[in-house]
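Trainee: One structure, pasted below without further comment.
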Amino acid sequence: APSKDAVRQLCQECFCSPPAALGPLARRAGPGLAASAEEAEQLVSALHNLTRHVVYRGLTRAEDILCLFPENFHQNLKNLLTKIILENISVWRNEAQASQISLPRLVDMDWRVDIKTSSDSIVRMAVPTCLLQLKIQEDAALCGNNPVVSALTVELSKETLDTMLEGLGRIRDQLSAVANK
Amino acid sequence: AADKIRLIPQDFFAELCEQIIQHLNHKIPGVNTAELCQRIQTSGVEINIGDLAKIANILSFLFSTAARSNLSAEELVTTLGSAGSTLPKHAVQVIRHVWDEQGKALAAPEDARNTATVGQFVDMKWKLGVAMSSDTCRSLKYPYVTVTLTVADPSGQITDRSFEMTIPQFKNFFRQFKEMASVLETV
């Protein structure tokens with residue numbers, strides 16, 4: 001490889017790429033590494049497996065990673081790769097957490113308090129009401145690169161808002177109870 | 001729609017009419033079409049939720065128009081008139097019966113609740129979970145909150161939306177709601 005940064009870049013791309021996209025990645029990376037198509041494919045595949053394995057097992061110490069390499073592996077390269085992996089571990093772990101299968105996720109929340117002053121059936125009133133808009137993103141794994149975000153707009157009265165708060169308070173209590181264990 | 005109505009067994013049709021009238025009367029937040037459809041399907045009738053929703057909307061419109069014009073049960077059936085002749089007899093019977101019993105209670109809607117243009121919040125169910133492991137990470141220990149909001153859309157149909165939040169998102173969520181509540185207090 002031409003430089004340390006190129007190695008770093010390659011490691012990141014190999015980790016992030018899903019198995020299906022490794023082929024194209026190898027074809028892109030091959031020329032820069034002065035490697036044949038076959039060698040590029042093997043390299044990319046190996047790096048992908050190595051990085052994914054480290055994240056899966058939750059390895060955090062250099063020794064644990066170093067011993068994954070075969071005996072006669074080039075010493076400096078081994079150290080460089082280990083260093084790069086350690087640098088990226090927590091980011092990669094967060095990505096793994098974020099990309100696990102899940103229900104749709106909340107991505108944004110906006111709200112507004114209005115006062116209803118009049119309608120076709122009531123001429124005068126002063127009813128405060130809450131409008132809440134939640135932006136929900138469908139499971140990223142199912143949508144590939146184009147996640148679908150839908151908006152849910154809901155109106156809450158004072159009573160329903162209190163119901164909501166009560167429920168949320170109980171979640172908070174549960175969280176504290178679990179955190180204190 | 002008349003031929004779809006034909007498919008619905010009488011007792012389910014009566015239940016649908018009852019729910020619609022109760023919703024119009026603000027006794028219940030909405031019509032649980034999904035749940036009713038499920039039960040009808042379980043009884044062996046092939047009807048999809050879209051058709052049931054359409055029928056519910058038609059009936060809702062019928063009853064609310066009748067309420068505004070102060071129609072008696074007889075007048076209502078007469079209005080159904082030509083449409084009524086394509087409806088199965090049991091359906092007309094149910095409509096007349098439900099209207100007789102509860103139609104008068106549908107007073108003119110002088111209520112702030114009647115100004116719904118967006119979904120109305122009905123209920124919230126929640127779950128606190130910890131993802132222990134996944135195919136990408138053997139030891140995750142990732143806590144999250146799952147929430148299911150039950151919402152009645154403007155036409156009265158009740159639907160559920162579920163989603164997940166991380167713990168920091170949940171804390172922000174809670175904080176926003178407390179702020180909304182305090183604004184509502186002071187306004």
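Residue names in the structure tokens use chain letters A, B, ... in the order shown, residue numbers from 1 in each chain, and ligand numbers from 1 in the order shown.
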Return as JSON lines the residues of chain B lying at most 8 Å from chain A, together with the closest atom-to-atom pair for each and the distance in Å to one decimal, counting only C-alpha atoms, with rows in chain order and ascending residue number.
Mentor:
{"residue": "B:Pro109", "atom": "CA", "partner": "A:Ser121", "partner_atom": "CA", "distance": 6.9}
{"residue": "B:Glu110", "atom": "CA", "partner": "A:Ser121", "partner_atom": "CA", "distance": 6.1}
{"residue": "B:Asp111", "atom": "CA", "partner": "A:Ile122", "partner_atom": "CA", "distance": 7.2}
{"residue": "B:Ala112", "atom": "CA", "partner": "A:Val127", "partner_atom": "CA", "distance": 7.2}
{"residue": "B:Thr115", "atom": "CA", "partner": "A:Ser119", "partner_atom": "CA", "distance": 6.9}
{"residue": "B:Val118", "atom": "CA", "partner": "A:Val154", "partner_atom": "CA", "distance": 6.0}
{"residue": "B:Gly119", "atom": "CA", "partner": "A:Val154", "partner_atom": "CA", "distance": 4.8}
{"residue": "B:Gln120", "atom": "CA", "partner": "A:Glu155", "partner_atom": "CA", "distance": 4.9}
{"residue": "B:Phe121", "atom": "CA", "partner": "A:Leu156", "partner_atom": "CA", "distance": 5.7}
{"residue": "B:Val122", "atom": "CA", "partner": "A:Thr160", "partner_atom": "CA", "distance": 7.1}
{"residue": "B:Asp123", "atom": "CA", "partner": "A:Met164", "partner_atom": "CA", "distance": 7.6}
{"residue": "B:Met124", "atom": "CA", "partner": "A:Met164", "partner_atom": "CA", "distance": 6.5}
{"residue": "B:Lys125", "atom": "CA", "partner": "A:Gly167", "partner_atom": "CA", "distance": 7.7}
{"residue": "B:Trp126", "atom": "CA", "partner": "A:Gly167", "partner_atom": "CA", "distance": 7.7}
{"residue": "B:Lys127", "atom": "CA", "partner": "A:Ile171", "partner_atom": "CA", "distance": 7.9}
{"residue": "B:Leu128", "atom": "CA", "partner": "A:Ile171", "partner_atom": "CA", "distance": 7.1}
{"residue": "B:Ser134", "atom": "CA", "partner": "A:Gln100", "partner_atom": "CA", "distance": 6.9}
{"residue": "B:Asp135", "atom": "CA", "partner": "A:Tyr56", "partner_atom": "CA", "distance": 7.6}
{"residue": "B:Thr136", "atom": "CA", "partner": "A:Tyr56", "partner_atom": "CA", "distance": 5.3}
{"residue": "B:Cys137", "atom": "CA", "partner": "A:Tyr56", "partner_atom": "CA", "distance": 3.9}
{"residue": "B:Arg138", "atom": "CA", "partner": "A:Tyr56", "partner_atom": "CA", "distance": 5.1}
{"residue": "B:Ser139", "atom": "CA", "partner": "A:Gly58", "partner_atom": "CA", "distance": 6.9}
{"residue": "B:Leu140", "atom": "CA", "partner": "A:Gln97", "partner_atom": "CA", "distance": 7.2}
{"residue": "B:Tyr142", "atom": "CA", "partner": "A:Gln97", "partner_atom": "CA", "distance": 7.4}
{"residue": "B:Val151", "atom": "CA", "partner": "A:Val154", "partner_atom": "CA", "distance": 7.3}
{"residue": "B:Ser162", "atom": "CA", "partner": "A:Pro104", "partner_atom": "CA", "distance": 7.0}
{"residue": "B:Phe163", "atom": "CA", "partner": "A:Pro104", "partner_atom": "CA", "distance": 4.8}
{"residue": "B:Glu164", "atom": "CA", "partner": "A:Arg105", "partner_atom": "CA", "distance": 4.7}
{"residue": "B:Met165", "atom": "CA", "partner": "A:Leu106", "partner_atom": "CA", "distance": 5.9}
{"residue": "B:Phe173", "atom": "CA", "partner": "A:Met109", "partner_atom": "CA", "distance": 7.8}
{"residue": "B:Phe174", "atom": "CA", "partner": "A:Leu168", "partner_atom": "CA", "distance": 6.3}
{"residue": "B:Phe177", "atom": "CA", "partner": "A:Leu165", "partner_atom": "CA", "distance": 6.7}
{"residue": "B:Lys178", "atom": "CA", "partner": "A:Leu165", "partner_atom": "CA", "distance": 7.1}
{"residue": "B:Met180", "atom": "CA", "partner": "A:Val113", "partner_atom": "CA", "distance": 7.2}
{"residue": "B:Ala181", "atom": "CA", "partner": "A:Leu161", "partner_atom": "CA", "distance": 6.9}
{"residue": "B:Val183", "atom": "CA", "partner": "A:Val113", "partner_atom": "CA", "distance": 7.4}
{"residue": "B:Leu184", "atom": "CA", "partner": "A:Pro128", "partner_atom": "CA", "distance": 6.4}
{"residue": "B:Val187", "atom": "CA", "partner": "A:Pro128", "partner_atom": "CA", "distance": 7.1}
Trainee: Find the residues near Val130 in chain B: any atom within 7 Å, counting only C-alpha atoms, skip ones fewer than 3 places away on the same chain, and give them as a list in words.
Mentor: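 Selected residues are Lys141, Tyr142, Pro143 and Tyr144 of chain B.
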Trainee: Looking at B:Leu36, B:Ile28, B:Leu76, B:Ile47, which one is nearest to Phe63 in chain B, with distances taken over only C-alpha atoms?
Mentor: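 Comparing B:Leu36, B:Ile28, B:Leu76, B:Ile47 against Phe63 in chain B, the winner is B:Leu76.
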